[in-house]
Structures are given as C-alpha cells and as structure tokens.
>>> print(open('my_file.json').read())   # JSON, C-alpha atoms
[["chain", "number", "residue", "atom", "x", "y", "z"],
["A", 1, "MET", "CA", 0.00, 0.00, 0.00],
["A", 2, "LEU", "CA", 2.71, 2.45, 1.04],
["A", 3, "GLU", "CA", 4.64, 1.66, -2.13],
["A", 4, "ILE", "CA", 1.64, 2.47, -4.31],
["A", 5, "LEU", "CA", 1.15, 5.79, -2.49],
["A", 6, "GLN", "CA", 4.84, 6.62, -2.93],
["A", 7, "GLN", "CA", 4.53, 6.55, -6.72],
["A", 8, "PRO", "CA", 3.54, 9.79, -8.44],
["A", 9, "TRP", "CA", -0.26, 9.80, -8.49],
["A", 10, "PRO", "CA", -1.99, 9.65, -11.88],
["A", 11, "TRP", "CA", -4.03, 12.72, -12.83],
["A", 12, "TYR", "CA", -7.41, 11.00, -12.48],
["A", 13, "VAL", "CA", -6.64, 9.85, -8.92],
["A", 14, "SER", "CA", -5.39, 13.32, -8.00],
["A", 15, "GLY", "CA", -8.37, 15.06, -9.61],
["A", 16, "ALA", "CA", -10.85, 12.79, -7.85],
["A", 17, "ALA", "CA", -9.03, 13.29, -4.54],
["A", 18, "ILE", "CA", -9.23, 17.09, -4.90],
["A", 19, "ALA", "CA", -12.97, 16.83, -5.61],
["A", 20, "PHE", "CA", -13.24, 14.67, -2.47],
["A", 21, "ILE", "CA", -11.60, 17.41, -0.37],
["A", 22, "MET", "CA", -13.95, 20.05, -1.81],
["A", 23, "ILE", "CA", -17.00, 17.87, -1.08],
["A", 24, "LEU", "CA", -15.69, 16.98, 2.39],
["A", 25, "LEU", "CA", -15.40, 20.68, 3.27],
["A", 26, "LEU", "CA", -18.95, 21.28, 1.98],
["A", 27, "PHE", "CA", -20.20, 18.61, 4.37],
["A", 28, "TYR", "CA", -18.22, 20.29, 7.14],
["A", 29, "GLY", "CA", -20.23, 23.42, 6.29],
["A", 30, "LYS", "CA", -17.29, 25.23, 4.70],
["A", 31, "SER", "CA", -16.27, 26.40, 1.25],
["A", 32, "PHE", "CA", -12.95, 25.33, -0.27],
["A", 33, "GLY", "CA", -10.86, 28.45, -0.91],
["A", 34, "PHE", "CA", -7.25, 28.68, 0.13],
["A", 35, "SER", "CA", -6.31, 32.32, -0.51],
["A", 36, "SER", "CA", -8.78, 33.58, 2.14],
["A", 37, "ASN", "CA", -6.09, 32.47, 4.57],
["A", 38, "LEU", "CA", -3.79, 35.23, 3.36],
["A", 39, "ARG", "CA", -6.40, 37.84, 4.26],
["A", 40, "ALA", "CA", -7.01, 36.16, 7.62],
["A", 41, "MET", "CA", -3.27, 36.16, 8.34],
["A", 42, "CYS", "CA", -3.06, 39.91, 7.60],
["A", 43, "SER", "CA", -6.00, 40.42, 9.95],
["A", 44, "MET", "CA", -4.36, 38.26, 12.63],
["A", 45, "ALA", "CA", -1.24, 40.41, 12.42],
["A", 46, "GLY", "CA", -3.35, 43.47, 13.25],
["A", 47, "ALA", "CA", -3.86, 44.93, 9.76],
["A", 48, "GLY", "CA", -7.51, 45.58, 10.66],
["A", 49, "LYS", "CA", -6.50, 48.51, 12.85],
["A", 50, "LYS", "CA", -5.25, 50.42, 9.81],
["A", 51, "VAL", "CA", -7.15, 48.99, 6.84],
["A", 52, "LYS", "CA", -10.89, 48.37, 6.85],
["A", 53, "PHE", "CA", -10.61, 45.36, 4.51],
["A", 54, "PHE", "CA", -8.85, 43.44, 7.28],
["A", 55, "ASP", "CA", -11.18, 44.58, 10.05],
["A", 56, "PHE", "CA", -13.14, 41.34, 10.43],
["A", 57, "ASP", "CA", -13.09, 38.48, 12.89],
["A", 58, "TRP", "CA", -10.36, 36.21, 11.50],
["A", 59, "ARG", "CA", -11.51, 33.53, 13.93],
["A", 60, "THR", "CA", -14.30, 32.74, 11.44],
["A", 61, "GLN", "CA", -11.41, 31.49, 9.25],
["A", 62, "LYS", "CA", -9.82, 29.43, 12.01],
["A", 63, "TRP", "CA", -10.91, 26.22, 10.29],
["A", 64, "ASN", "CA", -9.15, 27.36, 7.10],
["A", 65, "LEU", "CA", -5.95, 28.23, 8.97],
["A", 66, "LEU", "CA", -6.02, 24.74, 10.51],
["A", 67, "PHE", "CA", -6.49, 23.35, 6.99],
["A", 68, "LEU", "CA", -3.40, 25.36, 5.95],
["A", 69, "LEU", "CA", -1.44, 23.93, 8.86],
["A", 70, "GLY", "CA", -2.48, 20.46, 7.74],
["A", 71, "ALA", "CA", -1.39, 21.24, 4.17],
["A", 72, "ILE", "CA", 2.13, 22.04, 5.42],
["A", 73, "ILE", "CA", 2.21, 18.76, 7.37],
["A", 74, "GLY", "CA", 0.93, 16.95, 4.26],
["A", 75, "GLY", "CA", 3.85, 18.37, 2.29],
["A", 76, "THR", "CA", 6.27, 17.06, 4.87],
["A", 77, "ILE", "CA", 4.67, 13.60, 4.81],
["A", 78, "ALA", "CA", 4.95, 13.59, 1.00],
["A", 79, "SER", "CA", 8.66, 14.39, 1.13],
["A", 80, "THR", "CA", 9.46, 11.83, 3.84],
["A", 81, "ILE", "CA", 7.22, 8.76, 4.31],
["A", 82, "LEU", "CA", 5.80, 9.03, 0.79],
["A", 83, "ARG", "CA", 9.02, 10.16, -0.86],
["A", 84, "ASN", "CA", 9.85, 8.95, -4.34],
["A", 85, "ASP", "CA", 13.26, 9.74, -5.78],
["A", 86, "GLU", "CA", 12.44, 8.96, -9.39],
["A", 87, "PRO", "CA", 12.96, 12.07, -11.54],
["A", 88, "LEU", "CA", 9.79, 13.99, -12.41],
["A", 89, "ALA", "CA", 8.28, 12.70, -15.69],
["A", 90, "LEU", "CA", 8.25, 16.12, -17.35],
["A", 91, "SER", "CA", 7.53, 16.21, -21.08],
["A", 92, "ALA", "CA", 10.60, 16.32, -23.31],
["A", 93, "SER", "CA", 9.42, 19.47, -25.08],
["A", 94, "THR", "CA", 9.08, 21.35, -21.78],
["A", 95, "ILE", "CA", 12.58, 20.24, -20.77],
["A", 96, "GLN", "CA", 13.87, 21.56, -24.09],
["A", 97, "ASP", "CA", 11.97, 24.87, -23.82],
["A", 98, "LEU", "CA", 13.18, 25.44, -20.28],
["A", 99, "LYS", "CA", 16.74, 24.67, -21.33],
["A", 100, "GLU", "CA", 16.50, 27.42, -23.94],
["A", 101, "LEU", "CA", 15.07, 29.68, -21.26],
["A", 102, "GLY", "CA", 18.12, 28.98, -19.10],
["A", 103, "VAL", "CA", 16.39, 26.87, -16.44],
["A", 104, "ALA", "CA", 18.03, 23.44, -16.38],
["A", 105, "PHE", "CA", 15.75, 20.49, -15.58],
["A", 106, "ASP", "CA", 17.05, 18.66, -12.51],
["A", 107, "GLY", "CA", 14.33, 16.04, -12.05],
["A", 108, "GLN", "CA", 13.08, 17.57, -8.79],
["A", 109, "LEU", "CA", 9.65, 19.11, -8.17],
["A", 110, "ASN", "CA", 11.06, 22.62, -8.36],
["A", 111, "PRO", "CA", 14.18, 23.86, -10.13],
["A", 112, "SER", "CA", 17.20, 24.48, -7.94],
["A", 113, "HIS", "CA", 17.96, 27.24, -10.44],
["A", 114, "ILE", "CA", 15.11, 29.26, -8.89],
["A", 115, "PHE", "CA", 14.48, 27.74, -5.47],
["A", 116, "GLY", "CA", 18.03, 26.74, -4.59],
["A", 117, "LEU", "CA", 20.04, 28.57, -1.97],
["A", 118, "GLU", "CA", 22.17, 30.49, -4.45],
["A", 119, "PHE", "CA", 19.38, 32.18, -6.43],
["A", 120, "ALA", "CA", 16.95, 32.49, -3.52],
["A", 121, "THR", "CA", 19.49, 34.40, -1.45],
["A", 122, "SER", "CA", 20.66, 36.65, -4.29],
["A", 123, "PHE", "CA", 19.21, 40.15, -4.70],
["A", 124, "LYS", "CA", 17.61, 39.21, -8.01],
["A", 125, "GLY", "CA", 16.28, 35.94, -6.63],
["A", 126, "ILE", "CA", 14.62, 37.51, -3.61],
["A", 127, "LEU", "CA", 13.11, 40.20, -5.82],
["A", 128, "VAL", "CA", 11.73, 37.66, -8.33],
["A", 129, "LEU", "CA", 10.22, 35.46, -5.60],
["A", 130, "LEU", "CA", 8.79, 38.43, -3.68],
["A", 131, "ILE", "CA", 7.22, 40.03, -6.76],
["A", 132, "GLY", "CA", 5.86, 36.66, -7.91],
["A", 133, "GLY", "CA", 4.23, 36.15, -4.53],
["A", 134, "LEU", "CA", 2.95, 39.73, -4.51],
["A", 135, "LEU", "CA", 1.20, 39.19, -7.85],
["A", 136, "VAL", "CA", -0.41, 35.98, -6.59],
["A", 137, "GLY", "CA", -1.56, 37.57, -3.34],
["A", 138, "PHE", "CA", -2.80, 40.79, -4.92],
["A", 139, "GLY", "CA", -4.43, 39.04, -7.87],
["A", 140, "SER", "CA", -6.22, 36.38, -5.87],
["A", 141, "ARG", "CA", -7.76, 38.94, -3.53],
["A", 142, "TYR", "CA", -8.68, 41.25, -6.40],
["A", 143, "ALA", "CA", -10.31, 38.35, -8.26],
["A", 144, "GLY", "CA", -11.92, 37.15, -5.01],
["A", 145, "GLY", "CA", -10.28, 33.73, -5.09],
["A", 146, "CYS", "CA", -7.50, 31.55, -6.41],
["A", 147, "THR", "CA", -7.32, 28.15, -8.09],
["A", 148, "SER", "CA", -9.29, 26.43, -5.33],
["A", 149, "GLY", "CA", -11.98, 29.09, -4.92],
["A", 150, "HIS", "CA", -12.53, 29.78, -8.62],
["A", 151, "ALA", "CA", -11.19, 26.91, -10.75],
["A", 152, "ILE", "CA", -12.46, 24.17, -8.40],
["A", 153, "SER", "CA", -15.27, 25.47, -6.16],
["A", 154, "GLY", "CA", -16.55, 28.17, -8.54],
["A", 155, "LEU", "CA", -16.54, 26.12, -11.74],
["A", 156, "SER", "CA", -18.15, 23.20, -9.88],
["A", 157, "ASN", "CA", -21.01, 25.56, -9.05],
["A", 158, "LEU", "CA", -21.11, 26.71, -12.71],
["A", 159, "GLN", "CA", -20.22, 30.30, -11.83],
["A", 160, "ILE", "CA", -19.54, 32.43, -14.91],
["A", 161, "PRO", "CA", -17.42, 34.91, -12.86],
["A", 162, "SER", "CA", -15.15, 32.01, -11.92],
["A", 163, "LEU", "CA", -14.78, 31.10, -15.58],
["A", 164, "VAL", "CA", -13.81, 34.72, -16.29],
["A", 165, "ALA", "CA", -11.25, 34.55, -13.47],
["A", 166, "VAL", "CA", -9.80, 31.29, -14.85],
["A", 167, "ILE", "CA", -9.52, 32.91, -18.31],
["A", 168, "GLY", "CA", -7.64, 35.72, -16.55],
["A", 169, "PHE", "CA", -5.33, 33.16, -14.87],
["A", 170, "PHE", "CA", -4.42, 31.94, -18.35],
["A", 171, "ILE", "CA", -3.98, 35.39, -19.91],
["A", 172, "GLY", "CA", -1.53, 36.25, -17.13],
["A", 173, "GLY", "CA", 0.11, 32.82, -17.11],
["A", 174, "LEU", "CA", 0.69, 32.79, -20.87],
["A", 175, "ALA", "CA", 1.99, 36.37, -20.88],
["A", 176, "MET", "CA", 4.46, 35.49, -18.12],
["A", 177, "THR", "CA", 5.51, 32.21, -19.75],
["A", 178, "TYR", "CA", 6.08, 33.49, -23.28],
["A", 179, "PHE", "CA", 6.94, 37.17, -22.88],
["A", 180, "ILE", "CA", 8.27, 37.92, -19.41],
["A", 181, "LEU", "CA", 10.12, 34.76, -18.29],
["A", 182, "PRO", "CA", 12.63, 35.05, -21.19],
["A", 183, "LEU", "CA", 13.49, 38.53, -19.90],
["A", 184, "ILE", "CA", 14.05, 37.29, -16.34],
["A", 185, "PHE", "CA", 16.04, 34.07, -16.72],
["B", 1, "MET", "CA", -10.93, 18.56, 19.32],
["B", 2, "LYS", "CA", -13.26, 20.21, 16.82],
["B", 3, "GLY", "CA", -10.48, 21.53, 14.61],
["B", 4, "LEU", "CA", -8.79, 18.16, 14.12],
["B", 5, "LYS", "CA", -10.92, 17.22, 11.12],
["B", 6, "PHE", "CA", -9.81, 20.37, 9.32],
["B", 7, "ILE", "CA", -6.15, 19.63, 10.05],
["B", 8, "LEU", "CA", -6.66, 16.10, 8.72],
["B", 9, "ALA", "CA", -8.41, 17.38, 5.59],
["B", 10, "GLY", "CA", -5.47, 19.75, 5.10],
["B", 11, "VAL", "CA", -2.97, 16.91, 5.54],
["B", 12, "ILE", "CA", -4.73, 14.90, 2.82],
["B", 13, "PHE", "CA", -4.88, 17.99, 0.60],
["B", 14, "GLY", "CA", -1.15, 18.61, 1.08],
["B", 15, "ILE", "CA", -0.31, 15.01, 0.23],
["B", 16, "ILE", "CA", -2.53, 15.13, -2.89],
["B", 17, "MET", "CA", -0.96, 18.39, -4.07],
["B", 18, "ALA", "CA", 2.56, 17.03, -3.64],
["B", 19, "LYS", "CA", 2.01, 13.51, -4.98],
["B", 20, "SER", "CA", 0.07, 14.80, -7.99],
["B", 21, "GLU", "CA", 3.04, 17.12, -8.63],
["B", 22, "ALA", "CA", 0.62, 20.07, -8.78],
["B", 23, "ILE", "CA", 3.07, 21.90, -6.49],
["B", 24, "SER", "CA", 5.78, 21.60, -9.13],
["B", 25, "TRP", "CA", 7.04, 24.72, -10.90],
["B", 26, "TYR", "CA", 7.92, 22.46, -13.84],
["B", 27, "ARG", "CA", 4.37, 21.09, -14.09],
["B", 28, "ILE", "CA", 2.90, 24.61, -14.14],
["B", 29, "GLN", "CA", 5.29, 25.56, -16.94],
["B", 30, "GLU", "CA", 4.32, 22.40, -18.82],
["B", 31, "MET", "CA", 0.66, 23.39, -18.39],
["B", 32, "PHE", "CA", 1.12, 26.96, -19.67],
["B", 33, "ARG", "CA", 3.08, 25.58, -22.64],
["B", 34, "PHE", "CA", 0.31, 23.04, -23.38],
["B", 35, "GLN", "CA", 2.87, 20.24, -23.48],
["B", 36, "SER", "CA", 1.14, 17.70, -21.27],
["B", 37, "PHE", "CA", -2.36, 16.69, -20.30],
["B", 38, "HIS", "CA", -1.33, 16.15, -16.66],
["B", 39, "MET", "CA", -2.53, 19.41, -15.02],
["B", 40, "TYR", "CA", -5.59, 19.64, -17.28],
["B", 41, "GLY", "CA", -6.47, 16.08, -16.35],
["B", 42, "ILE", "CA", -6.25, 16.90, -12.64],
["B", 43, "ILE", "CA", -8.34, 20.08, -12.83],
["B", 44, "GLY", "CA", -10.75, 18.57, -15.38],
["B", 45, "THR", "CA", -11.43, 15.50, -13.24],
["B", 46, "ALA", "CA", -11.86, 17.60, -10.10],
["B", 47, "VAL", "CA", -14.30, 19.99, -11.80],
["B", 48, "THR", "CA", -16.30, 17.22, -13.53],
["B", 49, "LEU", "CA", -16.82, 15.37, -10.24],
["B", 50, "GLY", "CA", -17.34, 18.71, -8.47],
["B", 51, "VAL", "CA", -20.14, 19.73, -10.85],
["B", 52, "LEU", "CA", -21.81, 16.37, -10.32],
["B", 53, "ALA", "CA", -21.49, 16.62, -6.52],
["B", 54, "VAL", "CA", -22.80, 20.19, -6.33],
["B", 55, "PHE", "CA", -25.72, 19.24, -8.60],
["B", 56, "LEU", "CA", -26.62, 16.27, -6.39],
["B", 57, "ILE", "CA", -26.25, 18.24, -3.15],
["B", 58, "LYS", "CA", -28.64, 20.90, -4.50],
["B", 59, "LYS", "CA", -31.05, 18.39, -6.06],
["B", 60, "LEU", "CA", -31.29, 16.23, -2.94],
["B", 61, "GLY", "CA", -31.13, 19.21, -0.56],
["B", 62, "LEU", "CA", -28.35, 17.58, 1.44],
["B", 63, "ARG", "CA", -27.27, 18.92, 4.80],
["B", 64, "ASP", "CA", -23.84, 19.25, 6.37],
["B", 65, "THR", "CA", -22.62, 17.26, 9.40],
["B", 66, "GLU", "CA", -24.10, 19.90, 11.74],
["B", 67, "GLY", "CA", -27.51, 19.43, 10.13],
["B", 68, "ASN", "CA", -27.53, 22.79, 8.33],
["B", 69, "PRO", "CA", -28.50, 22.99, 4.66],
["B", 70, "ILE", "CA", -25.47, 23.24, 2.36],
["B", 71, "VAL", "CA", -25.73, 26.62, 0.64],
["B", 72, "PHE", "CA", -23.81, 27.86, -2.37],
["B", 73, "LEU", "CA", -23.20, 31.58, -2.66],
["B", 74, "ASP", "CA", -23.19, 33.10, -6.12],
["B", 75, "LYS", "CA", -20.11, 35.14, -6.99],
["B", 76, "ASP", "CA", -20.68, 38.88, -7.53],
["B", 77, "LYS", "CA", -21.99, 39.67, -10.99],
["B", 78, "SER", "CA", -19.14, 41.63, -12.47],
["B", 79, "TRP", "CA", -16.31, 40.92, -14.82],
["B", 80, "LYS", "CA", -13.64, 43.60, -14.37],
["B", 81, "LYS", "CA", -12.29, 42.35, -11.07],
["B", 82, "TYR", "CA", -12.26, 38.75, -12.26],
["B", 83, "ILE", "CA", -10.42, 39.39, -15.51],
["B", 84, "LEU", "CA", -7.98, 41.97, -14.04],
["B", 85, "GLY", "CA", -7.39, 40.14, -10.75],
["B", 86, "GLY", "CA", -7.19, 36.82, -12.57],
["B", 87, "THR", "CA", -4.58, 38.12, -15.01],
["B", 88, "ILE", "CA", -2.41, 39.52, -12.20],
["B", 89, "PHE", "CA", -2.76, 36.20, -10.38],
["B", 90, "GLY", "CA", -1.78, 34.29, -13.53],
["B", 91, "LEU", "CA", 1.40, 36.34, -13.93],
["B", 92, "GLY", "CA", 2.48, 35.38, -10.43],
["B", 93, "TRP", "CA", 1.37, 31.76, -10.82],
["B", 94, "ALA", "CA", 3.53, 31.21, -13.90],
["B", 95, "LEU", "CA", 6.49, 33.03, -12.34],
["B", 96, "THR", "CA", 6.56, 31.20, -9.00],
["B", 97, "GLY", "CA", 4.85, 28.00, -10.16],
["B", 98, "ALA", "CA", 2.71, 28.18, -7.06],
["B", 99, "CYS", "CA", -0.79, 29.31, -6.20],
["B", 100, "PRO", "CA", -1.58, 29.94, -2.50],
["B", 101, "GLY", "CA", -2.15, 26.30, -1.46],
["B", 102, "PRO", "CA", 0.98, 24.84, -3.07],
["B", 103, "MET", "CA", 3.12, 27.66, -1.59],
["B", 104, "PHE", "CA", 2.50, 26.24, 1.87],
["B", 105, "VAL", "CA", 2.66, 22.59, 0.80],
["B", 106, "ASN", "CA", 6.06, 23.36, -0.76],
["B", 107, "VAL", "CA", 7.34, 24.81, 2.52],
["B", 108, "GLY", "CA", 6.29, 21.61, 4.27],
["B", 109, "TYR", "CA", 8.02, 19.64, 1.51],
["B", 110, "GLY", "CA", 11.26, 21.44, 2.29],
["B", 111, "TYR", "CA", 11.33, 24.23, -0.31],
["B", 112, "PHE", "CA", 12.00, 27.00, 2.17],
["B", 113, "ALA", "CA", 12.55, 29.60, -0.57],
["B", 114, "MET", "CA", 8.74, 29.54, -0.87],
["B", 115, "LEU", "CA", 8.65, 31.47, 2.42],
["B", 116, "ILE", "CA", 9.81, 34.49, 0.39],
["B", 117, "VAL", "CA", 6.92, 33.89, -2.05],
["B", 118, "ILE", "CA", 4.51, 33.65, 0.91],
["B", 119, "ALA", "CA", 5.87, 36.92, 2.32],
["B", 120, "GLY", "CA", 5.22, 38.48, -1.09],
["B", 121, "ALA", "CA", 1.70, 37.02, -1.21],
["B", 122, "LEU", "CA", 0.89, 38.46, 2.21],
["B", 123, "GLY", "CA", 2.27, 41.81, 1.06],
["B", 124, "GLY", "CA", 0.17, 41.62, -2.10],
["B", 125, "THR", "CA", -2.96, 40.81, -0.13],
["B", 126, "TYR", "CA", -2.25, 43.75, 2.19],
["B", 127, "LEU", "CA", -1.62, 46.07, -0.76],
["B", 128, "TYR", "CA", -4.96, 45.06, -2.26],
["B", 129, "GLY", "CA", -6.69, 45.90, 1.02],
["B", 130, "VAL", "CA", -5.07, 49.34, 1.02],
["B", 131, "ILE", "CA", -5.84, 50.38, -2.58],
["B", 132, "LYS", "CA", -9.03, 48.34, -3.06],
["B", 133, "ASP", "CA", -11.37, 51.33, -3.33],
["B", 134, "LYS", "CA", -9.29, 52.91, -6.09],
["B", 135, "LEU", "CA", -9.49, 49.84, -8.35],
["B", 136, "PRO", "CA", -12.15, 49.08, -10.95],
["B", 137, "HIS", "CA", -14.34, 46.21, -9.82]]
>>> encode(input="my_file.json", output="structure tokens")
Amino acid sequence: MLEILQQPWPWYVSGAAIAFIMILLLFYGKSFGFSSNLRAMCSMAGAGKKVKFFDFDWRTQKWNLLFLLGAIIGGTIASTILRNDEPLALSASTIQDLKELGVAFDGQLNPSHIFGLEFATSFKGILVLLIGGLLVGFGSRYAGGCTSGHAISGLSNLQIPSLVAVIGFFIGGLAMTYFILPLIF
Amino acid sequence: MKGLKFILAGVIFGIIMAKSEAISWYRIQEMFRFQSFHMYGIIGTAVTLGVLAVFLIKKLGLRDTEGNPIVFLDKDKSWKKYILGGTIFGLGWALTGACPGPMFVNVGYGYFAMLIVIAGALGGTYLYGVIKDKLPH
C-alpha cells in the first residue's frame, strides 16, 4: 500500500481526490478556498487597525488556517514517508523549452535554479520570488479567489465569474511564460 | 478537538498536491506551454466530479454534518475584477509555479525559498486591502 502511495499519483486519482476534499469541506459546512487564509493572516497580524478590509473576525477562518497547517504537514509527509526519488516525468518538449530559457531540468519538483540557496538568497532571486508572490496575493484577492476558490469550487457551481477569473489566470500565465520569463532568466 | 478534522483534511490535501506534482514549478510551466495533459487532467477531473457533486447536493437538498442545509453563494456579478485580478494572479502563478495552497505545501516539503513567495503574497494581499477602493471592480 505504502509503495503504491509513494509513486507519483496519476491525474485521475489526483483530480478525484481534490474533488473529495472540496466535497468533504462542503459537508463540514465550509467552502474550499485557500487564498482567504492570506487575508485572515493579515488580519491576525493586526492589519484591521489600519485597513478596513482586514477589520473582520479572523476567527471565522480558524478552520481554514487549521487546513493550511495540515497542508504544510501533508507536504512534509509527501517528502518523507511518501518520498519517491524517481525524476519527475516532465515532457521532453518542456525540458527543451526550459533549457533554452536557461532553467536546467534537474528532475526535482522545483528547479534548484530558482528555489536553490544560491538564487533564492541573491538580490535578483529575492526580488523575483517576492514580486511573484505579490502578484499571486494581490491578484487572488482582487479576483476574489484563487485556483481552489474559482477553478475548483466556482466552476463546480457553474459560476460564470469564476470562468472569467480562470480565463484571466491563463492570460496572465501565458503572458508570463512566453513574454516575461525570457526577460528574467 | 473540533479543529482536528480540518487539520486532517489539510494533511490529505497537502499530500494530494505534492504527490500529484501540482506543487511543481515544472508542471505549471508544462501546463502553460500546453505540453502535457497532466494538469488539465487533474483540474478537469476535479471539476467534472465537483459539478456532479454540487448538482446532487442541490437536487437532494443535502445537509452538512451539523444538520444545516449546504448553501452555495453566487459570486458577484461583475467581470472587471475577475479578468484583471485573474490576469495579475496568472502572472504570479507562472512566475513562482505556485498558487496559494501549493506555496505552503512546498514549505512543508522542504522548499524553504517559498517562504519568500509567501511573504510576497501576504504583502500583495495587504496592498490590495489598502488600494481596493481605487481599483475598478
């Protein structure tokens, strides 16, 4: 059993498992949406005293913060008990494209070129990672949700606004991939 | 403890995200380059089953574990904030290879550089709160 779980999970198992989590949260009386945690964390840190947007009772999001805590633990379990050291089965054309971009494929989940100590502690590296995070945080709050809230929960409830948001995710993602990444790396 | 079930749900979510490789920067690049079905398969399966589940919950009027009816809130009818916010989000997603959930799963996995991304995401969320009223929605 453990050996099966250690293998990379096929897309249909993963997709079904994500739907299971969304449905589970519905039966717990909650709505699956991860980025709300970022707002709750700002509020926890006292941002509500200065900015009205954060002046709400973050305790209503306590369940979500516990979910976040669990997600971190889940990541640790995946990299220890469920670890698999086979190189990631990335498509050959992506490996080639990234090589041309200047990001060498190392078989890990994330490239050491970007997330390794050297880049992540350089001035440029910190700037790239900070700005990337800033765009995600700003954009998800502006759009009222991220991949979980819009692409999963919203589309499952046939929400047109969520479809618009997902189209936005792709406009931004494609612009970054094809036009901006070549300027950065 | 009442919160334990949420921690457990989060643990399962974290494991799924990591084992499906949805937390991988490489996989997100592969998705935005349309070079593999992997990420589309994951999201497509989740949404297909999700649509079915939401339909059944509404149709059968199912209740949650506390006995309350499960309600679905409609998103605000607007398009500016979704297209503009979504595009900004997409730029960051393709750059860091991580949306909010995977950022934290990656930290648990041992990618501590993601803490910088999280700091940025908190800053971005704060910035939105500050300039919210000046933005088109």
>>> residues_around(input="my_file.json", residues="stretch 152-167 of chain A", least_positions_apart="5", cutoff="9 Å", atoms="all atoms listed in the file", output="JSON, numbers by chain")
{"A": [18, 19, 22, 31, 32, 33, 143, 144, 145, 146, 147, 172], "B": [43, 46, 47, 48, 49, 50, 51, 52, 53, 54, 55, 72, 74, 75, 76, 77, 78, 79, 81, 82, 83, 84, 85, 86, 87, 90]}
>>> residues_around(input="my_file.json", residues="A:Ser43", least_positions_apart="4", cutoff="10 Å", atoms="all atoms listed in the file", output="number ranges by chain")
A: 37-39, 47-49, 51-59; B: 126
>>> residues_around(input="my_file.json", residues="A:Trp63", least_positions_apart="5", cutoff="9 Å", atoms="only C-alpha atoms", output="PyMOL selection string")
(chain A and resi 30+68) or (chain B and resi 3+6-7)
>>> atom_distance(input="my_file.json", atom1="atom CA of B:Thr96", atom2="atom CA of A:Gly132")
5.6 Å
>>> closest_atom_pairs(input="my_file.json", of="stretch 58-132 of chain B", to="stretch 101-110 of chain A", cutoff="12 Å", atoms="only C-alpha atoms", output="JSON lines")
{"residue": "B:Thr96", "atom": "CA", "partner": "A:Asn110", "partner_atom": "CA", "distance": 9.7}
{"residue": "B:Gly97", "atom": "CA", "partner": "A:Asn110", "partner_atom": "CA", "distance": 8.4}
{"residue": "B:Ala98", "atom": "CA", "partner": "A:Asn110", "partner_atom": "CA", "distance": 10.1}
{"residue": "B:Pro102", "atom": "CA", "partner": "A:Leu109", "partner_atom": "CA", "distance": 11.6}
{"residue": "B:Met103", "atom": "CA", "partner": "A:Asn110", "partner_atom": "CA", "distance": 11.6}
{"residue": "B:Val105", "atom": "CA", "partner": "A:Leu109", "partner_atom": "CA", "distance": 11.9}
{"residue": "B:Asn106", "atom": "CA", "partner": "A:Asn110", "partner_atom": "CA", "distance": 9.1}
{"residue": "B:Val107", "atom": "CA", "partner": "A:Asn110", "partner_atom": "CA", "distance": 11.7}
{"residue": "B:Tyr109", "atom": "CA", "partner": "A:Leu109", "partner_atom": "CA", "distance": 9.8}
{"residue": "B:Gly110", "atom": "CA", "partner": "A:Asn110", "partner_atom": "CA", "distance": 10.7}
{"residue": "B:Tyr111", "atom": "CA", "partner": "A:Asn110", "partner_atom": "CA", "distance": 8.2}
{"residue": "B:Phe112", "atom": "CA", "partner": "A:Asn110", "partner_atom": "CA", "distance": 11.4}
{"residue": "B:Ala113", "atom": "CA", "partner": "A:Asn110", "partner_atom": "CA", "distance": 10.6}
{"residue": "B:Met114", "atom": "CA", "partner": "A:Asn110", "partner_atom": "CA", "distance": 10.5}
>>> atom_distance(input="my_file.json", atom1="atom CA of B:Gln35", atom2="atom CA of A:Ile95")
10.1 Å
>>> residues_around(input="my_file.json", residues="B:Glu30", least_positions_apart="3", cutoff="9 Å", atoms="all atoms listed in the file", output="list in words")
Leu90, Ser91, Ser93, Thr94 and Ile95 of chain A; Trp25, Tyr26, Arg27, Arg33, Phe34, Gln35, Ser36, Phe37, His38 and Met39 of chain B
>>> atom_distance(input="my_file.json", atom1="atom CA of A:Leu26", atom2="atom CA of B:Ile118")
26.5 Å
>>> residues_around(input="my_file.json", residues="stretch 133-138 of chain A", least_positions_apart="2", cutoff="8 Å", atoms="all atoms listed in the file", output="ChimeraX atom specification")
/A:35,38,129-131,140-142 /B:85,88-93,96,99-100,116-128
>>> closest_residue(input="my_file.json", among="A:Leu69, A:Leu82, A:Met1, A:Met44", to="B:Ala9", atoms="all atoms listed in the file")
A:Leu69
>>> axis_aligned_box(input="my_file.json", around="stretch 118-134 of chain A", padding_each_side="4 Å", output="JSON")
{"center_x": 12.6, "center_y": 35.3, "center_z": -4.9, "size_x": 27.2, "size_y": 17.7, "size_z": 14.9}
